Amino acid sequence: MSFDNPQYPLVIFTPSGKRGHFAAGTPILTAARQLGVDLDSVCGGRGICSKCQITPSYGEFPKHGVTVAENALTDWNSVEERYDRIRGLPKGRRLGCQACVQGDVVIDVPPESQVHRQVVRKAASDRAIVMDPATHLYYVEVTEPDMHEPTGDFERLGFALRDQWNVDRVTAPLPVMRRLQGALRKGNWTVTVALHKGHRDDSHRILDIWPGFHEGRIYGLAIDLGSTTIAAHLTDLRNGTVKASAGVMNPQIRFGEDLMSRVSYAMMNPGGDVEMTTAVREAINALSVELANEAGIEPRDIMEVVFVCNPVMHHLLLGIDPVELGQAPFALATSNSLSLDATELNLTSTNPAARVFVLPCIAGHVGADAAAVALSEQPGKSEDLVLIVDVGTNAEILLGNTTRVLACSSPTGPAFEGAQISSGQRAAPGAIERVEIDPVSKEPRFRVIGCDLWSDDPGFAAATATTGITGICGSGIIEAVAELRMAGLLDPRGLMGSAGQTGTARMIPEGRTHSYLLHDGSATGGPVITVTQGDIRAIQLAKSALYAGARLLMDEMGVDQVDRVTLAGAFGAHISPKHAMVLGMIPDAPLDKVTSAGNAAGTGARMALCSVAARTEIESTVRQIHKVETAIEPRFQEHFVNANAIPHATDPFPNLAAIVTLPDVSFNTGGGNDAGRRRRRT
Ligand code: FES
């Protein structure tokens, strides 16, 4: 099509810069479509949906070489007047399907009228998401039936979708088919359909149908299904806005805290896998209802669900016995992405025809959660060598740059999420999340979630009266252990000193070991919160596994240092880089090169939910990621043992040494410390 006939008025669209000449009388929506300008429409130009709003600009535009006269567009017509009277059009706006070209004109397409708009980044760590969802609403006018030319209502709906929306190969599940005839007649032969497009082919499926023009919105759930927690974001599929987020503990914990104990449960108890599958699906259904209530929507408006999860959770969600994942060669039933019906997973709190997309797995121990991190953080597009550590019960670790990307998972156990810690708890109001210990007085101060004050600030007691001080969450225990080391209360082997050795009565004897008293709330009926030798041991095990995994990838890459480190995970945003390095969770790096990506797996899930292109991208990306298997790699054990020391037995930490001097202390308490023992894979 040619748009360069200078006899016709020139239409210039911003921000795209696309331009072309169009005959007088051409609707702006038509010009936009012909030029490939991103201008939304649900009603197909019938003046019903208002999605096509544009802002014409008038006056001199030297940059574009045009002058736009006041009469460059046709006057308001009755459709716009009616719409403005009933619903209100923002000042300066026109409906693109009603306003027609009269003369040269500059047309701005506001973000909310763009289908493929970029979701605004709220924080630096948020990834930009270009909206390209699989499910859209379409309004269609369907030809009435004719006795003399018999065709089914569904077939005529298919013709209408093809003619009015250029959509082909449409199917409808039986429950939608059952409501089709009623909707068509009630809507006087107009309906709105929620149409889902398969990302691998051009097939379309009708997920729901409403008589006439449907004003409502459609939503999707992005779910990060972790071993310990299940986090979900209810997202508006038109603009990518997160309407509500919530997390719950994974109820499978009662079958085993770590993944391998869940696999063992399935092996030793016939039907155990089914029990675990039922439990997790019930939790997801409850979470879905909770989110829908919070956002004030109907579960029926949830049209899509995207899952990211590790391989064991992946199999248990799908109802596949995970037994093969418990033994070499750790074969997955399938590593490909999956597109399913929600009913196949017994998801009852969504639209009955909702579609599910499960991200692909990288390998037997490196799952769809790692793939989601790769989608979000894109190590393969980084010029410098980046180490990405997604901290959870199982750590997903990626190392790479534009030349190569490696991945492994490492069995950290749930200590970083506050489990297996004597005063540990989930990150929730009242949990200690920040800790400082004065190196001279050895006195602590801390902050709890839900209060911005430190515990020694005036007003702290009043500010925390409602939540109380209830325990320590993952970031709090990391800081506590690192602060104990910096204050000289903990030696490099991970042993805590006695009151006599350290000069503080806060070191309390506990059997043959010692605990550090962080907070004593017993006078007001609150808990006594200590960091015990057992807690230190649990953190040592977790951080050694994490570091050993990272080191293994560095060996494979042939490097001794990385350019930058990205901390990810549900609480990755809250981990202090300095404390993580003092602890030796991550390899030494310049502190300003250690950043947080927040919940990268969750972000990857949202990207896949909002963008068909992202689904295609991750399917090809996972094929290029080289998996390193920690479970059978002998060097893992060696790295694990060396990483047991705080920060490390052998690896130098020059960047850390430049900013922190760690006290040279040694406490031989005679207490057992079995941190050198390798933990089981979780
Ligand atoms: Fe629906 Fe213009 S396209 S009102």
# chains A, B, ... in the order shown; residues from 1 in each chain; ligands from 1
>>> residues_around(residues="Thr621 (chain A)", least_positions_apart="3", cutoff="8 Å", atoms="only C-alpha atoms", output="list in words")
Ala374, Leu375, Glu617, Ile618, Gln624 and Ile625 of chain A
>>> residues_around(residues="Val193 (chain A)", least_positions_apart="6", cutoff="9 Å", atoms="only C-alpha atoms", output="JSON, numbers by chain")
{"A": [136, 137, 138, 139, 140, 206, 207, 208, 209, 210, 211, 214]}
>>> write_last_selection(atoms="N, CA, C and O atoms", output="short mmCIF file (atom, residue, chain, number, x, y, z; two decimals), in the first residue's frame")
data_model
loop_
_atom_site.label_atom_id
_atom_site.label_comp_id
_atom_site.auth_asym_id
_atom_site.auth_seq_id
_atom_site.Cartn_x
_atom_site.Cartn_y
_atom_site.Cartn_z
N HIS A 136 -7.00 -11.38 24.28
CA HIS A 136 -7.55 -10.05 24.02
C HIS A 136 -9.07 -10.15 23.97
O HIS A 136 -9.62 -11.22 23.69
N LEU A 137 -9.73 -9.01 24.18
CA LEU A 137 -11.17 -8.94 23.97
C LEU A 137 -11.45 -8.41 22.57
O LEU A 137 -10.77 -7.48 22.12
N TYR A 138 -12.42 -9.00 21.90
CA TYR A 138 -12.84 -8.53 20.58
C TYR A 138 -14.36 -8.42 20.55
O TYR A 138 -15.06 -9.34 20.97
N TYR A 139 -14.83 -7.29 20.03
CA TYR A 139 -16.26 -7.10 19.84
C TYR A 139 -16.57 -7.43 18.38
O TYR A 139 -15.86 -6.97 17.48
N VAL A 140 -17.62 -8.22 18.14
CA VAL A 140 -17.94 -8.58 16.75
C VAL A 140 -19.44 -8.52 16.49
O VAL A 140 -20.25 -8.75 17.38
N ILE A 206 -11.69 -19.39 21.90
CA ILE A 206 -12.57 -18.47 22.64
C ILE A 206 -12.64 -18.95 24.08
O ILE A 206 -13.03 -20.08 24.35
N LEU A 207 -12.21 -18.09 25.01
CA LEU A 207 -12.22 -18.48 26.42
C LEU A 207 -13.51 -18.06 27.11
O LEU A 207 -13.93 -18.68 28.08
N ASP A 208 -14.12 -16.98 26.60
CA ASP A 208 -15.39 -16.55 27.21
C ASP A 208 -16.13 -15.69 26.21
O ASP A 208 -15.54 -15.20 25.23
N ILE A 209 -17.41 -15.53 26.46
CA ILE A 209 -18.25 -14.78 25.52
C ILE A 209 -19.30 -14.01 26.31
O ILE A 209 -19.82 -14.51 27.31
N TRP A 210 -19.55 -12.75 25.88
CA TRP A 210 -20.54 -11.91 26.55
C TRP A 210 -21.46 -11.31 25.49
O TRP A 210 -20.99 -10.97 24.39
N PRO A 211 -22.75 -11.11 25.80
CA PRO A 211 -23.63 -10.45 24.83
C PRO A 211 -23.21 -9.00 24.64
O PRO A 211 -22.83 -8.34 25.62
N HIS A 214 -18.67 -5.89 25.97
CA HIS A 214 -18.32 -6.20 27.36
C HIS A 214 -17.33 -5.16 27.86
O HIS A 214 -16.23 -5.02 27.34
#
>>> residues_near_ligand(ligand="ligand 1", cutoff="9 Å", atoms="only C-alpha atoms and all ligand atoms", output="short mmCIF file (atom, residue, chain, number, x, y, z; two decimals) with N, CA and C atoms, in the first residue's frame")
data_model
loop_
_atom_site.label_atom_id
_atom_site.label_comp_id
_atom_site.auth_asym_id
_atom_site.auth_seq_id
_atom_site.Cartn_x
_atom_site.Cartn_y
_atom_site.Cartn_z
N LEU A 29 -8.23 5.85 12.78
CA LEU A 29 -7.96 4.44 13.12
C LEU A 29 -7.54 3.66 11.87
N LEU A 39 -2.47 1.37 17.70
CA LEU A 39 -3.65 2.06 18.25
C LEU A 39 -4.71 1.01 18.54
N ASP A 40 -5.14 1.00 19.80
CA ASP A 40 -6.03 -0.06 20.29
C ASP A 40 -7.45 0.08 19.73
N SER A 41 -8.17 -1.03 19.74
CA SER A 41 -9.59 -1.04 19.42
C SER A 41 -10.15 -2.38 19.84
N VAL A 42 -11.24 -2.35 20.59
CA VAL A 42 -11.90 -3.62 20.93
C VAL A 42 -13.17 -3.76 20.08
N CYS A 43 -13.78 -2.59 19.72
CA CYS A 43 -15.06 -2.67 19.02
C CYS A 43 -14.91 -2.61 17.50
N GLY A 44 -13.68 -2.49 17.03
CA GLY A 44 -13.46 -2.49 15.59
C GLY A 44 -13.96 -1.23 14.91
N GLY A 45 -13.91 -0.10 15.62
CA GLY A 45 -14.24 1.18 14.99
C GLY A 45 -15.70 1.52 15.03
N ARG A 46 -16.45 0.92 15.95
CA ARG A 46 -17.88 1.19 15.99
C ARG A 46 -18.26 2.26 17.00
N GLY A 47 -17.27 2.88 17.59
CA GLY A 47 -17.56 3.97 18.52
C GLY A 47 -18.13 3.50 19.84
N ILE A 48 -17.80 2.29 20.25
CA ILE A 48 -18.37 1.74 21.49
C ILE A 48 -17.33 1.64 22.59
N CYS A 49 -16.10 1.25 22.23
CA CYS A 49 -15.14 0.85 23.26
C CYS A 49 -14.30 2.00 23.82
N SER A 50 -14.08 3.03 23.04
CA SER A 50 -13.26 4.20 23.40
C SER A 50 -11.78 3.87 23.57
N LYS A 51 -11.37 2.69 23.14
CA LYS A 51 -9.95 2.32 23.30
C LYS A 51 -9.07 3.05 22.29
N CYS A 52 -9.69 3.66 21.26
CA CYS A 52 -8.93 4.24 20.16
C CYS A 52 -8.64 5.73 20.36
N GLN A 53 -8.72 6.20 21.61
CA GLN A 53 -8.56 7.65 21.85
C GLN A 53 -7.21 8.16 21.37
N VAL A 79 -21.50 10.28 17.53
CA VAL A 79 -20.99 9.16 18.35
C VAL A 79 -20.08 9.70 19.45
N GLU A 80 -19.18 10.62 19.06
CA GLU A 80 -18.27 11.20 20.06
C GLU A 80 -19.05 12.02 21.08
N TYR A 83 -20.72 9.71 23.44
CA TYR A 83 -19.75 9.08 24.34
C TYR A 83 -19.30 10.07 25.41
N LEU A 95 -12.08 10.28 19.37
CA LEU A 95 -12.10 8.83 19.10
C LEU A 95 -11.49 8.63 17.71
N GLY A 96 -10.42 7.84 17.67
CA GLY A 96 -9.69 7.66 16.40
C GLY A 96 -10.53 7.02 15.31
N CYS A 97 -11.56 6.28 15.71
CA CYS A 97 -12.39 5.63 14.69
C CYS A 97 -13.45 6.56 14.13
N GLN A 98 -13.66 7.71 14.80
CA GLN A 98 -14.69 8.65 14.35
C GLN A 98 -14.10 9.88 13.67
N TYR A 139 -14.83 -7.29 20.03
CA TYR A 139 -16.26 -7.10 19.84
C TYR A 139 -16.57 -7.43 18.38
#
>>> residues_around(residues="region 71-76 of chain A", least_positions_apart="5", cutoff="6 Å", atoms="only C-alpha atoms", output="number ranges by chain")
A: 99-103, 105
>>> write_last_selection(atoms="all heavy atoms", output="PDB file, in the first residue's frame")
ATOM      1  N   ALA A  99     -12.968  10.355  14.192  1.00  0.00           N
ATOM      2  CA  ALA A  99     -12.342  11.552  13.624  1.00  0.00           C
ATOM      3  C   ALA A  99     -11.691  11.191  12.287  1.00  0.00           C
ATOM      4  O   ALA A  99     -10.937  10.218  12.206  1.00  0.00           O
ATOM      5  CB  ALA A  99     -11.294  12.090  14.588  1.00  0.00           C
ATOM      6  N   CYS A 100     -12.021  11.957  11.242  1.00  0.00           N
ATOM      7  CA  CYS A 100     -11.475  11.645   9.909  1.00  0.00           C
ATOM      8  C   CYS A 100     -10.560  12.773   9.424  1.00  0.00           C
ATOM      9  O   CYS A 100     -10.720  13.939   9.799  1.00  0.00           O
ATOM     10  CB  CYS A 100     -12.620  11.461   8.909  1.00  0.00           C
ATOM     11  SG  CYS A 100     -13.709  10.100   9.350  1.00  0.00           S
ATOM     12  N   VAL A 101      -9.637  12.375   8.564  1.00  0.00           N
ATOM     13  CA  VAL A 101      -8.640  13.311   8.028  1.00  0.00           C
ATOM     14  C   VAL A 101      -9.317  14.344   7.126  1.00  0.00           C
ATOM     15  O   VAL A 101     -10.162  14.003   6.288  1.00  0.00           O
ATOM     16  CB  VAL A 101      -7.598  12.509   7.197  1.00  0.00           C
ATOM     17  CG1 VAL A 101      -6.567  13.445   6.595  1.00  0.00           C
ATOM     18  CG2 VAL A 101      -6.959  11.424   8.039  1.00  0.00           C
ATOM     19  N   GLN A 102      -8.915  15.621   7.303  1.00  0.00           N
ATOM     20  CA  GLN A 102      -9.362  16.695   6.412  1.00  0.00           C
ATOM     21  C   GLN A 102      -8.164  17.435   5.836  1.00  0.00           C
ATOM     22  O   GLN A 102      -8.219  17.959   4.742  1.00  0.00           O
ATOM     23  CB  GLN A 102     -10.193  17.729   7.197  1.00  0.00           C
ATOM     24  CG  GLN A 102     -11.477  17.201   7.781  1.00  0.00           C
ATOM     25  CD  GLN A 102     -12.632  17.423   6.835  1.00  0.00           C
ATOM     26  OE1 GLN A 102     -12.786  16.655   5.873  1.00  0.00           O
ATOM     27  NE2 GLN A 102     -13.401  18.459   7.071  1.00  0.00           N
ATOM     28  N   GLY A 103      -7.094  17.508   6.668  1.00  0.00           N
ATOM     29  CA  GLY A 103      -5.888  18.216   6.237  1.00  0.00           C
ATOM     30  C   GLY A 103      -4.694  17.607   6.951  1.00  0.00           C
ATOM     31  O   GLY A 103      -4.849  16.631   7.718  1.00  0.00           O
ATOM     32  N   VAL A 105      -2.108  16.640   9.570  1.00  0.00           N
ATOM     33  CA  VAL A 105      -2.382  16.581  11.008  1.00  0.00           C
ATOM     34  C   VAL A 105      -1.315  15.753  11.738  1.00  0.00           C
ATOM     35  O   VAL A 105      -0.734  14.830  11.160  1.00  0.00           O
ATOM     36  CB  VAL A 105      -3.808  16.014  11.268  1.00  0.00           C
ATOM     37  CG1 VAL A 105      -3.925  14.558  10.848  1.00  0.00           C
ATOM     38  CG2 VAL A 105      -4.240  16.197  12.717  1.00  0.00           C
TER      39      VAL A 105
END
>>> residues_around(residues="region 661-665 of chain A", least_positions_apart="5", cutoff="7 Å", atoms="only C-alpha atoms", output="JSON, numbers by chain")
{"A": [486, 488, 491]}
>>> residues_around(residues="Ala371 (chain A)", least_positions_apart="4", cutoff="7 Å", atoms="only C-alpha atoms", output="PyMOL selection string")
chain A and resi 360-362+367+375+618+622
>>> write_last_selection(atoms="N, CA, C and O atoms", output="tab-separated table (two decimals), in the first residue's frame")
chain	number	residue	atom	x	y	z
A	360	PRO	N	9.49	-23.35	30.31
A	360	PRO	CA	10.30	-24.56	30.11
A	360	PRO	C	11.32	-24.72	31.23
A	360	PRO	O	11.71	-23.75	31.87
A	361	CYS	N	11.75	-25.95	31.46
A	361	CYS	CA	12.83	-26.22	32.40
A	361	CYS	C	14.14	-26.25	31.63
A	361	CYS	O	14.16	-26.54	30.43
A	362	ILE	N	15.23	-25.96	32.33
A	362	ILE	CA	16.54	-26.01	31.67
A	362	ILE	C	17.09	-27.44	31.73
A	362	ILE	O	17.61	-27.96	30.76
A	367	GLY	N	15.27	-25.56	36.89
A	367	GLY	CA	13.89	-25.57	36.42
A	367	GLY	C	13.42	-24.34	35.70
A	367	GLY	O	14.20	-23.49	35.25
A	375	LEU	N	14.96	-15.02	31.80
A	375	LEU	CA	14.09	-14.15	31.01
A	375	LEU	C	14.09	-12.73	31.57
A	375	LEU	O	14.17	-11.74	30.85
A	618	ILE	N	11.91	-17.16	25.71
A	618	ILE	CA	12.49	-18.03	26.73
A	618	ILE	C	12.61	-19.46	26.22
A	618	ILE	O	13.54	-20.19	26.59
A	622	VAL	N	16.40	-21.01	26.70
A	622	VAL	CA	16.77	-22.16	27.54
A	622	VAL	C	17.61	-23.18	26.77
A	622	VAL	O	18.44	-23.87	27.35
